[in-house]
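Student: First, the structure itself, so that you have it in front of you.
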Amino acid sequence: MNALETVSTWAARLEWSDVPEEVRHQALRSWVNIVGCAVAGSAHPLISVLERSLLAWSGSGHCSIVGRSATTDVLSATLLNCTSSGVHVFDDTHAQAVVHGSGPPAGALLALSEMRLRSGREALLAFSLGLELAYRLGKALGVAPAQADMRWLQTAITAPFSVAMASGKLMGLNAERLLAAASIALAQSTGMRTATGQSWARISPGETAQFGLKAAFYAEQGIRGGLQALDGPNGFLACFSTRPHLPWLVDDLGERWEILDNTFKPYPSGVVINPVIEACMALHAPLAQSGSSVRAIELLLNPMAIQLTNQPHPDSVVAAQVSLQHWAAVVLVDGQAGLMQIESARLTDPQVSLLRERVQLVPDESMPLTAARVVVRLEDGTTLQQAVSACLGSATRPMTDKDIDQKFLTITAGVLGSERAGALLQACRGIESLPNAAAIAQAARLPG
């Protein structure tokens with residue numbers, strides 16, 4: 001068997017009993033986190049724009065749009081659900097691969113579960129599969145000894161494959177049809193990093209997730225994409241990586257689980273900004289008590305963090321979410337790092353704008369991506385500094401189940417209300433015992 005056949009055969013044979021308990025637990029944590037993110041993101045203005053754009057021409061259907069009152073066809077619901085899950089950049093991230101893996105398969109499965117009667121356990125198994133393959137493919141693209149081509153958004157280009165496999169699994173496709181779905185999906189991957197800081201960067205994973213679901217539908221009807229779609233001379237890996245490492249994807253299937261390295265975000269920012277946020281939160285009170293104005297703010301951090309999030313003049317909320325300069329400035333002023341800190345009012349606040357101009361980025365090769373040092377130099381000659389060696393939400397300081405549940409309730413209550421948010425959390429936590437997985441999508445929908 002070639003690589004694609006190996007993965008497809010394993011995926012077709014995978015049963016819930018094959019999944020170790022610790023992997024089940026992490027998959028459930030990932031599910032709870034991403035459903036909460038999707039509900040919270042549904043209130044974002046971008047989702048209203050997408051809903052107006054899509055529903056005018058989309059097909060009729062009864063699939064729920066998470067956090068909204070409308071229903072639509074399964075493909076439009078997939079795009080909207082997935083976009084909602086990542087629009088606040090509050091989702092999850094693999095500790096090694098630059099992939100936010102949960103949103104695309106969750107967005108598709110929430111919609112698909114309302115078309116195909118499947119149990120909650122079947123849905124969670126399909127989600128676990130899609131998430132595992134998203135991270136394995138992401139590692140094959142860019143985790144040493146692989147070397148990524150950073151012109152591409154890793155989440156967007158891995159989404160079609162992970163969604164095709166997750167959706168195909170929930171649909172009950174056999175190994176041959178799963179291979180076909182994967183090959184079709186891989187041939188249509190896209191997502192250029194040129195969109196970073198723009199609204200399209202939030203929509204792109206939803207668009208590619210939608211195609212992953214279409215690939216599963218195509219494969220179900222017998223359409224094929226070819227055995228060379230993954231590792232052929234013109235295949236996916238050759239196109240999207242400067243030095244791919246296929247063993248990250250195909251070796252130790254069912255023995256090594258990349259889901260276990262999934263991490264969750266305590267702040268709605270680019271994940272590499274988190275250590276800067278924590279350091280600035282610790283410096284907020286000393287700065288306020290000093291009574292002196294700021295002369296300079298130095299951020300010492302990993303060069304890749306700078307490469308990914310150097311946005312000195314964010315001109316939109318989307319750009320501010322992935323701006324080191326904005327987060328350092330706003331957290332030093334507010335002492336908080338929540339959704340309010342990326343609202344337009346904070347973006348244009350004169351004090352925040354002034355501090356953004358005084359941020360200096362200092363690359364430090366010795367810093368891991370989860371670490372940072374912030375040095376604040378004051379006009380009176382005083383220096384304040386704070387180092388973070390491993391931020392909350394990193395692999396060495398993971399969010400607990402209690403942390404994730406509290407995050408879920410905090411960010412969803414504004415959309416659903418406290419009572420409905422609590423009921424949805426209970427449904428997500430109890431997904432394994434649900435006779436019909438569609439109950440979660442329906443509980444996440446607004447009445448209307």
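Each chain in the structure tokens gets a letter, A, B and so on, in the order shown; residues start at 1 in every chain, and ligands are counted from 1 in the order they appear.
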Name all residues at most 9 Å from range 17-27 of chain A (count only C-alpha atoms; drop same-chain ones fewer than 5 positions away) and give them as a list in words.
Tutor: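 Residues near the query, excluding close chain neighbours: Val32, Leu124, Leu125, Phe127, Ser128, Leu131, Gly254, Trp257, Ile259, Leu260, Asp261 and Asn262 of chain A.
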Student: Against range 82-96 of chain A, which residues of range 122-149 of chain A fall within 12 Å? For each one I want the closest pair of atoms and the distance in Å (one decimal), counting only C-alpha atoms, rows by chain and increasing residue number, as a Markdown table.
Tutor:
| residue | atom | partner | partner_atom | distance |
| --- | --- | --- | --- | --- |
| A:Leu131 | CA | A:His94 | CA | 9.9 |
| A:Glu132 | CA | A:His94 | CA | 10.1 |
| A:Leu133 | CA | A:His94 | CA | 11.7 |
| A:Ala134 | CA | A:His94 | CA | 9.5 |
| A:Tyr135 | CA | A:His94 | CA | 6.7 |
| A:Arg136 | CA | A:His94 | CA | 9.8 |
| A:Leu137 | CA | A:His94 | CA | 11.4 |
| A:Gly138 | CA | A:Gln96 | CA | 8.8 |
| A:Lys139 | CA | A:Gln96 | CA | 7.3 |
| A:Ala140 | CA | A:Gln96 | CA | 10.9 |
| A:Leu141 | CA | A:Gln96 | CA | 11.2 |
| A:Gly142 | CA | A:Gln96 | CA | 8.9 |
| A:Val143 | CA | A:Gln96 | CA | 6.7 |
| A:Ala144 | CA | A:Gln96 | CA | 9.4 |
| A:Ala146 | CA | A:Gln96 | CA | 11.7 |
| A:Ala148 | CA | A:Gln96 | CA | 11.9 |
Student: I need the residues in range 207-283 of chain A that are alpha helix (DSSP H) according to DSSP; give them as a PyMOL selection string.
Tutor: chain A and resi 207-220+236-240+247-250+274-283
Student: Generate the output file for the selected residues, N, CA and C atoms, as a JSON list (two decimals), in the first residue's frame.
Tutor:
[["chain", "number", "residue", "atom", "x", "y", "z"],
["A", 207, "GLU", "N", -14.00, 27.68, 4.08],
["A", 207, "GLU", "CA", -14.14, 27.36, 2.65],
["A", 207, "GLU", "C", -13.51, 26.01, 2.33],
["A", 208, "THR", "N", -12.32, 25.77, 2.86],
["A", 208, "THR", "CA", -11.66, 24.51, 2.55],
["A", 208, "THR", "C", -12.30, 23.34, 3.31],
["A", 209, "ALA", "N", -12.86, 23.62, 4.49],
["A", 209, "ALA", "CA", -13.61, 22.57, 5.20],
["A", 209, "ALA", "C", -14.84, 22.17, 4.39],
["A", 210, "GLN", "N", -15.48, 23.16, 3.80],
["A", 210, "GLN", "CA", -16.64, 22.88, 2.96],
["A", 210, "GLN", "C", -16.26, 21.96, 1.81],
["A", 211, "PHE", "N", -15.08, 22.19, 1.23],
["A", 211, "PHE", "CA", -14.68, 21.31, 0.14],
["A", 211, "PHE", "C", -14.36, 19.91, 0.65],
["A", 212, "GLY", "N", -13.81, 19.80, 1.85],
["A", 212, "GLY", "CA", -13.56, 18.47, 2.40],
["A", 212, "GLY", "C", -14.84, 17.66, 2.51],
["A", 213, "LEU", "N", -15.94, 18.31, 2.93],
["A", 213, "LEU", "CA", -17.22, 17.62, 3.00],
["A", 213, "LEU", "C", -17.71, 17.25, 1.61],
["A", 214, "LYS", "N", -17.54, 18.15, 0.66],
["A", 214, "LYS", "CA", -17.93, 17.84, -0.72],
["A", 214, "LYS", "C", -17.13, 16.65, -1.24],
["A", 215, "ALA", "N", -15.85, 16.58, -0.89],
["A", 215, "ALA", "CA", -15.03, 15.46, -1.33],
["A", 215, "ALA", "C", -15.59, 14.14, -0.84],
["A", 216, "ALA", "N", -16.08, 14.13, 0.41],
["A", 216, "ALA", "CA", -16.69, 12.90, 0.94],
["A", 216, "ALA", "C", -17.96, 12.55, 0.18],
["A", 217, "PHE", "N", -18.76, 13.56, -0.15],
["A", 217, "PHE", "CA", -19.97, 13.31, -0.93],
["A", 217, "PHE", "C", -19.63, 12.79, -2.33],
["A", 218, "TYR", "N", -18.60, 13.40, -2.95],
["A", 218, "TYR", "CA", -18.18, 12.94, -4.27],
["A", 218, "TYR", "C", -17.71, 11.49, -4.22],
["A", 219, "ALA", "N", -16.89, 11.17, -3.22],
["A", 219, "ALA", "CA", -16.36, 9.81, -3.11],
["A", 219, "ALA", "C", -17.49, 8.81, -2.87],
["A", 220, "GLU", "N", -18.50, 9.20, -2.12],
["A", 220, "GLU", "CA", -19.63, 8.32, -1.86],
["A", 220, "GLU", "C", -20.31, 7.91, -3.16],
["A", 236, "PHE", "N", 0.31, 16.74, -2.92],
["A", 236, "PHE", "CA", 0.10, 17.73, -1.86],
["A", 236, "PHE", "C", 1.41, 18.11, -1.15],
["A", 237, "LEU", "N", 2.16, 17.12, -0.70],
["A", 237, "LEU", "CA", 3.36, 17.41, 0.07],
["A", 237, "LEU", "C", 4.39, 18.17, -0.75],
["A", 238, "ALA", "N", 4.54, 17.80, -2.00],
["A", 238, "ALA", "CA", 5.50, 18.48, -2.87],
["A", 238, "ALA", "C", 5.10, 19.93, -3.12],
["A", 239, "CYS", "N", 3.80, 20.19, -3.14],
["A", 239, "CYS", "CA", 3.32, 21.54, -3.42],
["A", 239, "CYS", "C", 3.41, 22.46, -2.21],
["A", 240, "PHE", "N", 3.18, 21.93, -1.00],
["A", 240, "PHE", "CA", 3.00, 22.79, 0.16],
["A", 240, "PHE", "C", 4.13, 22.74, 1.18],
["A", 247, "PRO", "N", 6.79, 10.25, 7.25],
["A", 247, "PRO", "CA", 6.56, 9.41, 8.43],
["A", 247, "PRO", "C", 5.72, 10.06, 9.53],
["A", 248, "TRP", "N", 5.76, 11.40, 9.65],
["A", 248, "TRP", "CA", 4.92, 12.05, 10.65],
["A", 248, "TRP", "C", 3.45, 11.73, 10.42],
["A", 249, "LEU", "N", 3.06, 11.52, 9.18],
["A", 249, "LEU", "CA", 1.67, 11.21, 8.87],
["A", 249, "LEU", "C", 1.36, 9.73, 8.99],
["A", 250, "VAL", "N", 2.20, 8.87, 8.46],
["A", 250, "VAL", "CA", 1.81, 7.47, 8.29],
["A", 250, "VAL", "C", 2.36, 6.51, 9.33],
["A", 274, "ASN", "N", 0.59, 34.55, 23.30],
["A", 274, "ASN", "CA", 0.16, 34.26, 24.66],
["A", 274, "ASN", "C", 1.21, 34.57, 25.74],
["A", 275, "PRO", "N", 2.48, 34.19, 25.55],
["A", 275, "PRO", "CA", 3.45, 34.51, 26.61],
["A", 275, "PRO", "C", 3.65, 36.01, 26.80],
["A", 276, "VAL", "N", 3.54, 36.77, 25.72],
["A", 276, "VAL", "CA", 3.64, 38.24, 25.83],
["A", 276, "VAL", "C", 2.46, 38.78, 26.63],
["A", 277, "ILE", "N", 1.26, 38.25, 26.36],
["A", 277, "ILE", "CA", 0.07, 38.67, 27.10],
["A", 277, "ILE", "C", 0.25, 38.41, 28.60],
["A", 278, "GLU", "N", 0.72, 37.23, 28.95],
["A", 278, "GLU", "CA", 0.89, 36.90, 30.37],
["A", 278, "GLU", "C", 1.91, 37.81, 31.04],
["A", 279, "ALA", "N", 2.99, 38.07, 30.36],
["A", 279, "ALA", "CA", 4.01, 38.94, 30.94],
["A", 279, "ALA", "C", 3.47, 40.36, 31.13],
["A", 280, "CYS", "N", 2.72, 40.85, 30.15],
["A", 280, "CYS", "CA", 2.16, 42.20, 30.24],
["A", 280, "CYS", "C", 1.08, 42.29, 31.31],
["A", 281, "MET", "N", 0.32, 41.22, 31.52],
["A", 281, "MET", "CA", -0.66, 41.21, 32.60],
["A", 281, "MET", "C", 0.03, 41.36, 33.95],
["A", 282, "ALA", "N", 1.16, 40.70, 34.09],
["A", 282, "ALA", "CA", 1.91, 40.80, 35.35],
["A", 282, "ALA", "C", 2.51, 42.19, 35.55],
["A", 283, "LEU", "N", 2.79, 42.90, 34.46],
["A", 283, "LEU", "CA", 3.40, 44.22, 34.54],
["A", 283, "LEU", "C", 2.38, 45.35, 34.65]]
Student: Near range 398-406 of chain A, within 9 Å and counting only C-alpha atoms, which residues show up once chain neighbours fewer than 6 positions away are dropped, as JSON, numbers by chain?
Tutor: {"A": [29, 32, 33, 36, 263, 264, 265, 266, 391, 392, 425]}
Student: Could you work out how far CA of Ala390 in chain A lies from CA of Leu301 in chain A, giving the answer in Å with one decimal?
Tutor: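 CA of Ala390 in chain A lies at a distance of 12.0 Å from CA of Leu301 in chain A.
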Student: Can you build me a table of range 267-349 of chain A residues sitting at most 10 Å from range 199-202 of chain A, with the closest atom pair per residue and its distance in Å to one decimal, using only C-alpha atoms, sorted by chain and residue number, as a Markdown table?
Tutor:
| residue | atom | partner | partner_atom | distance |
| --- | --- | --- | --- | --- |
| A:Ser316 | CA | A:Ser199 | CA | 8.9 |
| A:Val317 | CA | A:Ser199 | CA | 9.1 |
| A:Val318 | CA | A:Ser199 | CA | 6.3 |
| A:Ala319 | CA | A:Ser199 | CA | 8.5 |
Student: Using only C-alpha atoms, find each residue in range 10-57 of chain A having at least one atom no more than 9 Å away from range 103-117 of chain A; report its shortest atom-to-atom pair and that distance in Å (one decimal), rows by chain then rising number, as a tab-separated table.
Tutor:
residue	atom	partner	partner_atom	distance
A:Trp31	CA	A:Ala106	CA	7.4
A:Ile34	CA	A:Gly103	CA	6.3
A:Val35	CA	A:Ala106	CA	7.6
A:Cys37	CA	A:Gly103	CA	8.8
A:Ala38	CA	A:Gly103	CA	8.0
Student: Please compute the CA of Val359 in chain A-CA of Glu298 in chain A distance, one decimal, in Å.
Tutor: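 Atom-to-atom, CA of Val359 in chain A to CA of Glu298 in chain A, that is 5.9 Å.
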Student: My list of candidates is A:Arg356, A:Leu80, A:Ser189, A:Thr412. Which is closest to Leu46 in chain A when distances are computed with only C-alpha atoms?
Tutor: A:Leu80
Student: Within 6 Å of Ile184 in chain A, counting only C-alpha atoms, which residues show up once you throw out same-chain ones fewer than 3 positions away? Write them as a list in words, please.
Tutor: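 Listed by chain and then number, they are Ala181, Ala187, Ala215 and Gly225 of chain A.
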Student: For the selection you just gave me, I'd like the residues written to a file as a tab-separated table (two decimals), in the first residue's frame, keeping N, CA and C atoms.
Tutor:
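Dumped to again.tsv:
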chain	number	residue	atom	x	y	z
A	181	ALA	N	-12.07	10.07	-1.16
A	181	ALA	CA	-12.39	11.36	-0.56
A	181	ALA	C	-11.12	12.13	-0.23
A	187	ALA	N	-6.26	17.35	-3.49
A	187	ALA	CA	-6.04	18.01	-4.78
A	187	ALA	C	-6.64	19.42	-4.83
A	215	ALA	N	-15.85	16.58	-0.89
A	215	ALA	CA	-15.03	15.46	-1.33
A	215	ALA	C	-15.59	14.14	-0.84
A	225	GLY	N	-9.78	10.55	-7.01
A	225	GLY	CA	-8.81	11.61	-7.23
A	225	GLY	C	-7.40	11.14	-7.53
Student: Could you jot down the CA of Leu354 in chain A to CA of Val322 in chain A separation for me, Å, one decimal place?
Tutor: 18.2 Å
Student: Could you pull out the strand (DSSP E or B) residues of range 197-433 of chain A, going by DSSP on the backbone, and write them as an mmCIF file with N, CA and C atoms, in the first residue's frame?
Tutor:
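The result, stored in selection22.cif:
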data_model
loop_
_atom_site.group_PDB
_atom_site.id
_atom_site.type_symbol
_atom_site.label_atom_id
_atom_site.label_comp_id
_atom_site.auth_asym_id
_atom_site.auth_seq_id
_atom_site.Cartn_x
_atom_site.Cartn_y
_atom_site.Cartn_z
ATOM 1 N N SER A 241 5.160 21.946 0.938
ATOM 2 C CA SER A 241 6.275 21.879 1.878
ATOM 3 C C SER A 241 7.594 21.907 1.117
ATOM 4 N N THR A 242 8.559 22.637 1.654
ATOM 5 C CA THR A 242 9.871 22.668 1.009
ATOM 6 C C THR A 242 10.663 21.408 1.304
ATOM 7 N N ARG A 243 10.353 20.739 2.425
ATOM 8 C CA ARG A 243 10.996 19.469 2.756
ATOM 9 C C ARG A 243 10.027 18.649 3.611
ATOM 10 N N ASN A 262 -2.511 18.536 21.522
ATOM 11 C CA ASN A 262 -3.385 19.669 21.243
ATOM 12 C C ASN A 262 -3.406 20.589 22.458
ATOM 13 N N THR A 263 -3.367 21.892 22.208
ATOM 14 C CA THR A 263 -3.390 22.860 23.298
ATOM 15 C C THR A 263 -4.538 23.840 23.078
ATOM 16 N N PHE A 264 -4.962 24.474 24.162
ATOM 17 C CA PHE A 264 -6.144 25.334 24.123
ATOM 18 C C PHE A 264 -5.786 26.743 24.566
ATOM 19 N N VAL A 294 5.678 55.548 29.645
ATOM 20 C CA VAL A 294 6.488 54.514 29.003
ATOM 21 C C VAL A 294 7.348 55.118 27.903
ATOM 22 N N ARG A 295 8.634 54.822 27.933
ATOM 23 C CA ARG A 295 9.544 55.266 26.871
ATOM 24 C C ARG A 295 9.686 54.212 25.789
ATOM 25 N N ALA A 296 9.765 52.925 26.191
ATOM 26 C CA ALA A 296 9.931 51.845 25.213
ATOM 27 C C ALA A 296 9.456 50.536 25.821
ATOM 28 N N ILE A 297 8.969 49.656 24.957
ATOM 29 C CA ILE A 297 8.539 48.316 25.357
ATOM 30 C C ILE A 297 9.287 47.325 24.477
ATOM 31 N N GLU A 298 10.120 46.495 25.070
ATOM 32 C CA GLU A 298 10.869 45.506 24.308
ATOM 33 C C GLU A 298 10.259 44.129 24.522
ATOM 34 N N LEU A 299 9.979 43.447 23.428
ATOM 35 C CA LEU A 299 9.454 42.084 23.478
ATOM 36 C C LEU A 299 10.530 41.148 22.947
ATOM 37 N N LEU A 300 11.088 40.321 23.819
ATOM 38 C CA LEU A 300 12.086 39.341 23.417
ATOM 39 C C LEU A 300 11.384 38.001 23.258
ATOM 40 N N LEU A 301 11.414 37.452 22.051
ATOM 41 C CA LEU A 301 10.681 36.219 21.797
ATOM 42 C C LEU A 301 11.221 35.500 20.572
ATOM 43 N N VAL A 359 6.530 49.799 20.928
ATOM 44 C CA VAL A 359 6.911 48.391 21.040
ATOM 45 C C VAL A 359 8.054 48.082 20.086
ATOM 46 N N GLN A 360 9.061 47.434 20.601
ATOM 47 C CA GLN A 360 10.204 46.982 19.802
ATOM 48 C C GLN A 360 10.298 45.464 19.908
ATOM 49 N N LEU A 361 10.452 44.795 18.779
ATOM 50 C CA LEU A 361 10.525 43.336 18.750
ATOM 51 C C LEU A 361 11.983 42.902 18.660
ATOM 52 N N VAL A 362 12.371 42.021 19.575
ATOM 53 C CA VAL A 362 13.758 41.563 19.643
ATOM 54 C C VAL A 362 13.773 40.047 19.477
ATOM 55 N N PRO A 363 14.221 39.529 18.332
ATOM 56 C CA PRO A 363 14.267 38.076 18.148
ATOM 57 C C PRO A 363 15.307 37.426 19.037
ATOM 58 N N ALA A 372 8.500 34.222 26.572
ATOM 59 C CA ALA A 372 8.781 35.604 26.181
ATOM 60 C C ALA A 372 9.319 36.364 27.383
ATOM 61 N N ARG A 373 10.017 37.449 27.091
ATOM 62 C CA ARG A 373 10.425 38.398 28.122
ATOM 63 C C ARG A 373 9.986 39.787 27.664
ATOM 64 N N VAL A 374 9.329 40.509 28.551
ATOM 65 C CA VAL A 374 8.877 41.863 28.248
ATOM 66 C C VAL A 374 9.625 42.834 29.154
ATOM 67 N N VAL A 375 10.238 43.826 28.531
ATOM 68 C CA VAL A 375 10.977 44.857 29.257
ATOM 69 C C VAL A 375 10.326 46.205 28.965
ATOM 70 N N VAL A 376 9.861 46.880 30.012
ATOM 71 C CA VAL A 376 9.227 48.197 29.880
ATOM 72 C C VAL A 376 10.162 49.238 30.473
ATOM 73 N N ARG A 377 10.620 50.145 29.631
ATOM 74 C CA ARG A 377 11.529 51.204 30.071
ATOM 75 C C ARG A 377 10.725 52.493 30.249
ATOM 76 N N LEU A 378 10.812 53.071 31.436
ATOM 77 C CA LEU A 378 10.022 54.245 31.782
ATOM 78 C C LEU A 378 10.837 55.529 31.632
ATOM 79 N N THR A 383 13.156 50.503 35.023
ATOM 80 C CA THR A 383 12.900 49.399 34.095
ATOM 81 C C THR A 383 12.050 48.342 34.798
ATOM 82 N N LEU A 384 10.959 47.969 34.166
ATOM 83 C CA LEU A 384 10.108 46.870 34.641
ATOM 84 C C LEU A 384 10.257 45.717 33.666
ATOM 85 N N GLN A 385 10.373 44.514 34.181
ATOM 86 C CA GLN A 385 10.467 43.377 33.267
ATOM 87 C C GLN A 385 9.819 42.139 33.858
ATOM 88 N N GLN A 386 9.355 41.291 32.949
ATOM 89 C CA GLN A 386 8.692 40.054 33.346
ATOM 90 C C GLN A 386 8.995 38.986 32.301
ATOM 91 N N ALA A 387 9.401 37.813 32.763
ATOM 92 C CA ALA A 387 9.653 36.683 31.872
ATOM 93 C C ALA A 387 8.590 35.616 32.085
ATOM 94 N N VAL A 388 8.198 34.966 30.994
ATOM 95 C CA VAL A 388 7.276 33.823 31.040
ATOM 96 C C VAL A 388 7.970 32.677 30.327
#
Student: Looking at A:Leu173, A:Met1, A:Leu246, A:Val352, which one is nearest to Val331 in chain A, with distances taken over only C-alpha atoms?
Tutor: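 Smallest distance to Val331 in chain A is found for A:Val352.
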Student: Report as CSV: every residue of range 351-442 of chain A with an atom at most 12 Å from range 64-69 of chain A, its closest pair of atoms, and their distance in Å to one decimal, counting only C-alpha atoms, with rows sorted by chain and ascending residue number.
Tutor:
residue,atom,partner,partner_atom,distance
A:Ile411,CA,A:Gly67,CA,11.7
A:Thr412,CA,A:Gly67,CA,8.8
A:Ala413,CA,A:Gly67,CA,10.8
A:Gly414,CA,A:Gly67,CA,10.4
A:Val415,CA,A:Gly67,CA,6.7
A:Leu416,CA,A:Gly67,CA,7.2
A:Gly417,CA,A:Gly67,CA,11.0
A:Arg420,CA,A:Gly67,CA,11.0
A:Ala421,CA,A:Gly67,CA,10.5
A:Leu424,CA,A:Gly67,CA,11.2
A:Ala438,CA,A:Ser64,CA,9.2
A:Ala439,CA,A:Ser64,CA,10.5
A:Ile440,CA,A:Val66,CA,9.4
A:Ala441,CA,A:Ser64,CA,6.2
A:Gln442,CA,A:Ser64,CA,6.4
Student: Taking C-alpha atoms for each residue, export the selection above as a short mmCIF file (atom, residue, chain, number, x, y, z; two decimals), in the first residue's frame.
Tutor:
data_model
loop_
_atom_site.label_atom_id
_atom_site.label_comp_id
_atom_site.auth_asym_id
_atom_site.auth_seq_id
_atom_site.Cartn_x
_atom_site.Cartn_y
_atom_site.Cartn_z
CA ILE A 411 -17.77 33.06 26.03
CA THR A 412 -21.11 31.40 25.18
CA ALA A 413 -23.37 33.02 27.78
CA GLY A 414 -23.46 36.30 25.85
CA VAL A 415 -24.92 34.48 22.85
CA LEU A 416 -27.12 31.77 24.37
CA GLY A 417 -27.76 33.05 27.87
CA ARG A 420 -28.76 27.50 27.53
CA ALA A 421 -24.96 27.75 27.69
CA LEU A 424 -25.04 22.96 25.81
CA ALA A 438 -27.60 16.25 16.04
CA ALA A 439 -28.74 17.20 19.55
CA ILE A 440 -25.60 19.31 20.00
CA ALA A 441 -26.05 21.36 16.84
CA GLN A 442 -29.69 21.90 17.76
#
Student: Considering only C-alpha atoms, state which residue in the set A:Asp149, A:Asp251, A:Glu432, A:His313 is at the smallest distance from Trp16 in chain A.
Tutor: A:Glu432
Student: Determine the nearest neighbour of Leu54 in chain A from the options A:Ile342, A:Leu75, A:Ser42, A:Leu253, counting only C-alpha atoms.
Tutor: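 Closest residue, counting only C-alpha atoms: A:Leu75.
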Student: Taking only C-alpha atoms into account, which of A:Asn81, A:Asn174, A:Thr155, A:Gln311 comes nearest Gln198 in chain A?
Tutor: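 Of the candidates, the smallest distance to Gln198 in chain A is held by A:Gln311.
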